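Undergrad: This is the structure, below, for whatever I ask next.
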Amino acid sequence: MKQYDHKKIEKKWQKFWEKEKLWQAKDKDKKPKFYGLIEFPYPSGEGLHVGHIRSNTAMDIICRKRWMEGFNVLYPIGWDAFGLPTENYAIKTGIHPIKVTKQNTDTFRRQLKELGFSFDWSREINTTDPKYYKWTQWIFLQLYKHGLAYKKKMPINWCPKDKIGLANEEVVDGCCERCGTPVEKREKEQWMLAITKYADRLDKDLDLVDFLEKIKIQQRNWIGKSEGAEIEFGIKNQESKIKVFTTRADTLFGATYLVLAPEHKLLMNNELGIRNYGEVKKYIETAQNKTEIERTAEGKEKTGVKLDGVTAINPANNEEIPIFVADYVLPDYGTGAIMAVPAHDERDFAFAKKYNLLIKEVITGGNVSETAYIGEGKLLNSGKFDGMESKEAAKAITEFVGGKITTKFKLRDWIFSRQHYWGEPIPVVFCEKCGVVTVPEKDLPVKLPMVEKYQPTDTGESPLAAITKWVNVKCPKCGGPAKRETDTMPNWAGSSWYYLRYIDPKNSKEFADRKKLDYWTPVDWYNGGMEHTTLHLLYSRFWHKFLFDLGLVPTSEPYKKRTSHGLILAEGGVKMSKSKGNVINPDDLVKRFGADALRIYEMFMGPFDQAIAWNTDGLVGTRRFLEKVWRIGQKPTTENRQLITLLHQTIKKVTEDIETMRFNTAISALMILTNEMDKLEKVAKEDFEILLRLLAPFAPHITEELWHELGHRDSIHLAIWPKHDVDKIQASSVKIVIQVNGKTRGTLEIGRNLTQTEIEKQAADLPEIAKWLVGKSVKKIIFVPTRLLNFVVA
RNA sequence: GCCGUGGUGGCGGAAUUGGUAUACGCGCUGCGUUCAGGACGCAGUUCCAGCAAUGGAUUGAGAGUUCAAAUCUCUCCCACGGCACCA
């Protein structure tokens, strides 16, 4: 008997598929299109992670099924290769990031090919390729031209030990991700992208797409839309006013003081004539010098300083109220100032208690002498609004004081500058005469200069700043002396539009041809990690909407459907990491068990969307399963089809489970069918072929081999996906559960068409049932056809 | 604190219009094959009592609805992920 030699078989068919160009998508086709996408990997030095395999296999199964269902499928792959680890490695070793990236992508490519994914390799892209980032820079220029990219002085995260500016995502718990030193704040000019201009649409348009509900919720929370009112408070004997934002205008009569954020512009030059300005100024300085940790470490203990000699007027009742500066008010949310309603807000309550401020109840329902009541209710102490309900009162009071209904968002503009070498140069120059001048589109890409050293400078500037030859240029406008922007883009730039480049990866005139975009967009199904929900996924939706507004892409949303996989953890449920030495190397597993067994294990190990711990022992089981399939393939065949019912049940189950990503139960169903076939002496060829076709997306190599052994000359992956027959799913006889008082006491195998009375009689005659009925009177009989019969006795 | 996800055998998990809880797989036990080994085959395997037939218990805890609850309702506990003074 022939052995299942996975090494030979897998290599053989991988070559075959490549030669036949089986997975090349056609840009024009009569077939319906399907665009399946996985997040393109960052080619790290560690090589492919088993987590990549989980996500890639899932989408591979879906795409292979689509091919078999007659779709023209696009399942592309590429490299998101800009990033810190590569740069750090280059700093350490002196090897140029281009070289490192080449090595790493070569490894990744080899590993992915060995797993037999149906990627269209002819469309491979790399974000660090100047031909690619030319278009990343081009999109940036469009953003700039439309006022969505701007420069602003911003406090950045500064690591005093590494002497480097850090991106927000490189700061973990207020410390430098690399060395653990607490991060400080430094003022620096930064490029920003005005994602907030799209906040409302990014929120609203979630209604248009088929994303997992938890993804939508997380994005909505991140965008943080909240509806409220802006209300102006006058200042006694002064012209200026203080504008506050509130979602609870109904509590305006309970506003007993105002609070300004330390950064509030009215505090800058003491234009209000604050008597204790020295003290206030000192408070502002301390607040601004606090690090992230200091702010959070202080927790809920609130501090603040009262502005002496200045009072505000509550527009609802014209009462004079004090004004404070306190850092519990955030400068960049709302108006940077709040009306404090201690009776009905926990933070204001805590502050009022500490500084002995008036707590005035204006909403019924709580006990405000003890704690703030934040719920809604009827108004009191609110003049003519007394007795009104919160919702209604909020509107009425806003109108009464001339306030404005507005919407605010938590979302902030996107800090787009990085002071690193290994990123896309921002295509802008600074001219002494003309100021900011964009690099003309014909001069793109602005290539990264080849350098020897990638170390960041002491000043927190990008390493590019030290390369004077590259920095000093002629102004494209006036020809005078100018300097290049030395900041680079964050690694989220290249990934914000890569799915568009796959559609036309070699186009040198446009980022992609419009006709091809019309055909392929949107992405039909995008699977990726939850960790990208509020970064990559949101950023790319933003860029796409911008391109849509320019008329450059045909759809307002890039992704029709988004799902996500659970993380794979190391044995014991901890994170896999190089430092813990618990990383699983897929190469060893492919060698030992084969790519097919590994793919199936990763799909079978647990529910796809949940985190799960790795267990190499589990691979033994999936390998045995494939051995069993192999054995059936070596059996003699017969015309006698004995497994019709189970077969059709399996077709239905597998077909449906793939669509809902319940791969674990799909495989379980395939195992059950396989076990039954294994028990038979001879298996009908037709039945076995159905098993092979159902299994093909999961285990593409072994099924291809067995398919060809059966005499087929074309690939199994282009065979037609089986369809179940509804009539054949129902078995002729059925097992019914017999219960007495809800407890199962026996079962009865009966024909489908037996009436209830007949079943009742047969059931009551069963000895194991009869003994429970002796001496009892049957009060009621519950009958569920084809399922159960329950005698209720007393 | 808020939002989300989850809690079922020794382990990963299955079962949700309420209807045989523990499918499938791992592990374990026994037997077989083999010089031997197991990444081999077959059988058994939720727990407790019993030689067995059988009986009882059981889905994080507690209560409720129902002929019937892992599934529905209420109260609570725990784990994981995200956000976090957002007015």
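Residues are named by chain letter and number: chains run A, B, ... in the order of the structure tokens, numbers start at 1 in each chain, and ligands are numbered from 1 in the order shown.
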Residues of chain A no more than 6 Å from chain B, counting only C-alpha atoms (C1' of nucleotides): send them over as a list in words.
TA: Thr246, Tyr328, Lys410, Gly618, Ser668, Gly742 and Val792 of chain A
Undergrad: Taking the backbone alone, and naming residues the way the document does, which bits of region 94-318 of chain A are helix (DSSP H, G or I) by DSSP, as number ranges by chain?
TA: A: 97-114, 121-123, 130-145, 168-170, 195-208, 213-223, 249-254, 265-267, 277-289, 292-297
Undergrad: Show me, as an mmCIF file with C-alpha atoms, in the first residue's frame, the residues that have an atom within 8 Å of region 93-110 of chain A when counting only C-alpha atoms (C1' of nucleotides), minus same-chain residues fewer than 4 positions from it.
TA:
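Written output follows (part_4.cif):
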```cif
data_model
loop_
_atom_site.group_PDB
_atom_site.id
_atom_site.type_symbol
_atom_site.label_atom_id
_atom_site.label_comp_id
_atom_site.auth_asym_id
_atom_site.auth_seq_id
_atom_site.Cartn_x
_atom_site.Cartn_y
_atom_site.Cartn_z
ATOM 1 C CA PRO A 43 8.115 40.584 7.474
ATOM 2 C CA SER A 44 9.831 40.384 10.832
ATOM 3 C CA GLY A 45 13.105 38.635 11.424
ATOM 4 C CA GLY A 47 9.703 34.483 10.334
ATOM 5 C CA LEU A 48 6.124 33.445 9.888
ATOM 6 C CA TRP A 79 4.652 43.024 2.518
ATOM 7 C CA ALA A 81 7.752 46.240 5.342
ATOM 8 C CA THR A 86 13.802 46.402 10.879
ATOM 9 C CA GLU A 87 15.297 49.820 11.606
ATOM 10 C CA TYR A 89 18.021 45.651 13.621
ATOM 11 C CA GLU A 114 5.156 25.814 1.596
ATOM 12 C CA TRP A 422 12.748 53.477 7.688
ATOM 13 C CA GLU A 452 25.432 54.198 6.717
ATOM 14 C CA LYS A 453 23.866 55.138 9.998
#
```
Undergrad: I want to know what sits within 9 Å of region 689-706 of chain A, based on only C-alpha atoms (C1' of nucleotides), with residues of the same chain fewer than 2 positions away left out; could you give that as a ChimeraX atom specification?
TA: /A:4,6,9-14,57-58,60-65,68,116-117,595-597,599-600,603,626,629-630,633-634,647,650-651,654-655,667,670,673-674,684-687,708-711,715-717,719-722
Undergrad: Would you put the residues from that selection into a file with N, CA and C atoms, as a compact mmCIF listing (two decimals), in the first residue's frame?
TA:
```txt
# COMPACT_ATOMS: atom_id res chain seq x y z
N TYR A 4 1.40 7.69 2.73
CA TYR A 4 1.08 9.12 2.62
C TYR A 4 2.36 9.91 2.89
N HIS A 6 3.83 13.18 2.79
CA HIS A 6 3.39 14.56 2.61
C HIS A 6 4.45 15.44 1.95
N ILE A 9 4.30 14.86 -1.85
CA ILE A 9 3.03 15.30 -2.41
C ILE A 9 2.89 16.82 -2.40
N GLU A 10 3.27 17.42 -1.30
CA GLU A 10 3.07 18.87 -1.16
C GLU A 10 3.94 19.64 -2.14
N LYS A 11 5.17 19.23 -2.25
CA LYS A 11 6.07 19.92 -3.18
C LYS A 11 5.56 19.76 -4.61
N LYS A 12 5.14 18.55 -4.93
CA LYS A 12 4.68 18.23 -6.28
C LYS A 12 3.52 19.14 -6.71
N TRP A 13 2.55 19.28 -5.85
CA TRP A 13 1.36 20.03 -6.27
C TRP A 13 1.58 21.54 -6.18
N GLN A 14 2.44 21.95 -5.26
CA GLN A 14 2.75 23.39 -5.22
C GLN A 14 3.39 23.81 -6.54
N THR A 57 -5.08 30.76 6.38
CA THR A 57 -5.75 29.52 6.00
C THR A 57 -7.25 29.74 5.92
N ALA A 58 -7.79 30.48 6.87
CA ALA A 58 -9.24 30.73 6.87
C ALA A 58 -9.66 31.40 5.56
N ASP A 60 -7.97 31.45 2.85
CA ASP A 60 -7.62 30.53 1.76
C ASP A 60 -8.76 29.54 1.52
N ILE A 61 -9.33 29.04 2.60
CA ILE A 61 -10.45 28.11 2.49
C ILE A 61 -11.63 28.79 1.79
N ILE A 62 -11.91 30.01 2.22
CA ILE A 62 -13.02 30.74 1.62
C ILE A 62 -12.76 31.00 0.13
N CYS A 63 -11.55 31.41 -0.19
CA CYS A 63 -11.24 31.71 -1.59
C CYS A 63 -11.26 30.46 -2.46
N ARG A 64 -10.70 29.38 -1.94
CA ARG A 64 -10.73 28.13 -2.72
C ARG A 64 -12.15 27.67 -2.95
N LYS A 65 -12.99 27.83 -1.93
CA LYS A 65 -14.40 27.47 -2.11
C LYS A 65 -15.03 28.35 -3.19
N MET A 68 -14.21 27.16 -6.57
CA MET A 68 -14.99 25.95 -6.90
C MET A 68 -16.45 26.31 -7.18
N GLY A 116 1.00 26.22 0.92
CA GLY A 116 0.05 26.00 -0.17
C GLY A 116 -1.10 26.98 -0.25
N PHE A 117 -0.86 28.24 0.15
CA PHE A 117 -1.93 29.22 0.03
C PHE A 117 -2.17 29.59 -1.43
N ALA A 595 2.00 20.36 5.59
CA ALA A 595 1.25 21.62 5.56
C ALA A 595 -0.24 21.36 5.75
N ASP A 596 -0.75 20.30 5.15
CA ASP A 596 -2.18 20.03 5.25
C ASP A 596 -2.60 19.77 6.70
N ALA A 597 -1.80 18.97 7.41
CA ALA A 597 -2.14 18.67 8.80
C ALA A 597 -2.06 19.93 9.66
N ARG A 599 -2.47 23.09 8.61
CA ARG A 599 -3.61 23.94 8.26
C ARG A 599 -4.88 23.46 8.96
N ILE A 600 -5.11 22.16 8.91
CA ILE A 600 -6.32 21.63 9.52
C ILE A 600 -6.27 21.80 11.04
N MET A 603 -7.29 25.22 12.03
CA MET A 603 -8.71 25.50 11.84
C MET A 603 -9.57 24.72 12.83
N LEU A 626 -5.93 12.71 8.31
CA LEU A 626 -5.51 12.68 6.91
C LEU A 626 -5.03 11.29 6.49
N VAL A 629 -8.07 9.40 5.63
CA VAL A 629 -8.56 9.77 4.30
C VAL A 629 -7.71 9.09 3.25
N TRP A 630 -6.42 9.09 3.48
CA TRP A 630 -5.49 8.45 2.53
C TRP A 630 -5.82 6.96 2.38
N GLY A 633 -8.68 6.20 0.31
CA GLY A 633 -8.31 6.36 -1.08
C GLY A 633 -7.67 5.10 -1.67
N GLN A 634 -7.10 4.26 -0.81
CA GLN A 634 -6.45 3.04 -1.29
C GLN A 634 -7.41 1.86 -1.33
N LEU A 647 -23.78 11.87 3.93
CA LEU A 647 -23.05 12.63 2.92
C LEU A 647 -23.70 13.99 2.69
N THR A 650 -23.37 16.26 5.57
CA THR A 650 -22.02 16.81 5.65
C THR A 650 -21.82 17.94 4.65
N ILE A 651 -22.34 17.75 3.43
CA ILE A 651 -22.22 18.82 2.43
C ILE A 651 -22.84 20.11 2.97
N VAL A 654 -20.70 21.55 6.05
CA VAL A 654 -19.41 22.13 5.67
C VAL A 654 -19.63 23.42 4.87
N THR A 655 -20.58 23.39 3.96
CA THR A 655 -20.86 24.56 3.13
C THR A 655 -21.25 25.75 4.01
N ILE A 667 -14.72 20.76 10.14
CA ILE A 667 -13.74 19.68 10.13
C ILE A 667 -14.27 18.49 10.93
N LEU A 670 -16.43 16.58 8.74
CA LEU A 670 -15.64 15.81 7.76
C LEU A 670 -15.02 14.58 8.41
N LEU A 673 -17.72 11.86 8.74
CA LEU A 673 -17.94 11.20 7.45
C LEU A 673 -16.78 10.25 7.13
N THR A 674 -15.58 10.72 7.39
CA THR A 674 -14.39 9.90 7.13
C THR A 674 -14.40 8.64 7.98
N ALA A 684 -17.99 3.91 -2.29
CA ALA A 684 -18.37 4.36 -3.63
C ALA A 684 -17.47 5.51 -4.05
N LYS A 685 -16.98 5.42 -5.28
CA LYS A 685 -16.07 6.44 -5.79
C LYS A 685 -16.71 7.82 -5.73
N GLU A 686 -17.97 7.87 -6.12
CA GLU A 686 -18.69 9.14 -6.14
C GLU A 686 -18.74 9.79 -4.75
N ASP A 687 -18.96 8.96 -3.74
CA ASP A 687 -19.03 9.46 -2.36
C ASP A 687 -17.67 9.98 -1.91
N HIS A 708 -6.28 12.98 -8.31
CA HIS A 708 -5.60 12.55 -9.53
C HIS A 708 -5.46 11.04 -9.58
N GLU A 709 -5.28 10.43 -8.40
CA GLU A 709 -5.21 8.97 -8.37
C GLU A 709 -6.51 8.34 -8.85
N LEU A 710 -7.60 9.05 -8.67
CA LEU A 710 -8.89 8.54 -9.13
C LEU A 710 -9.06 8.71 -10.64
N GLY A 711 -8.06 9.30 -11.26
CA GLY A 711 -8.10 9.38 -12.72
C GLY A 711 -8.39 10.76 -13.27
N SER A 715 -7.27 19.97 -11.91
CA SER A 715 -7.13 20.19 -10.47
C SER A 715 -8.47 20.04 -9.77
N ILE A 716 -8.42 19.45 -8.59
CA ILE A 716 -9.63 19.33 -7.77
C ILE A 716 -10.14 20.71 -7.37
N HIS A 717 -9.22 21.67 -7.35
CA HIS A 717 -9.60 23.00 -6.86
C HIS A 717 -10.40 23.79 -7.88
N ALA A 719 -12.72 21.87 -9.52
CA ALA A 719 -13.93 21.03 -9.60
C ALA A 719 -15.09 21.80 -8.98
N ILE A 720 -16.29 21.33 -9.22
CA ILE A 720 -17.47 22.05 -8.74
C ILE A 720 -17.74 21.72 -7.28
N TRP A 721 -18.03 22.74 -6.52
CA TRP A 721 -18.35 22.55 -5.10
C TRP A 721 -19.67 21.78 -4.98
N PRO A 722 -19.69 20.73 -4.15
CA PRO A 722 -20.90 19.90 -4.06
C PRO A 722 -22.09 20.66 -3.48
```
Undergrad: With only C-alpha atoms (C1' of nucleotides) as the counted atoms, please give the residues lying no more than 12 Å from G55 (chain B), apart from itself and same-chain residues fewer than 6 positions off, as a VMD selection string.
TA: (chain A and resid 745) or (chain B and resid 48 to 49)
Undergrad: Store the residues picked out above, limited to C-alpha atoms (C1' of nucleotides), as an mmCIF file, in the first residue's frame.
TA:
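Writing the result to out_9.cif gives the following:
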```
data_model
loop_
_atom_site.group_PDB
_atom_site.id
_atom_site.type_symbol
_atom_site.label_atom_id
_atom_site.label_comp_id
_atom_site.auth_asym_id
_atom_site.auth_seq_id
_atom_site.Cartn_x
_atom_site.Cartn_y
_atom_site.Cartn_z
ATOM 1 C CA ARG A 745 -35.676 6.894 30.392
ATOM 2 C "C1'" C B 48 -20.104 9.151 42.227
ATOM 3 C "C1'" A B 49 -22.064 4.198 44.049
#
```
Undergrad: Could you tell me which of B:A61, B:U17, B:G38, B:C31 comes closest to C77 (chain B) if we count only C-alpha atoms (C1' of nucleotides)?
TA: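 Selected residue with least distance to C77 (chain B): B:A61.
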Undergrad: For region 142-149 of chain A, please output as a ChimeraX atom specification all residues within 8 Å (counting only C-alpha atoms (C1' of nucleotides); exclusion window: fewer than 5 positions along the same chain).
TA: /A:191-195,546
Undergrad: At a cut-off of 9 Å, using only C-alpha atoms (C1' of nucleotides), what residues contact region 164-179 of chain A? Leave out same-chain residues fewer than 4 positions from it and give the result as a VMD selection string.
TA: chain A and resid 156 to 160 183 to 184 186 291 to 294 415 417 to 420 456 to 462 490
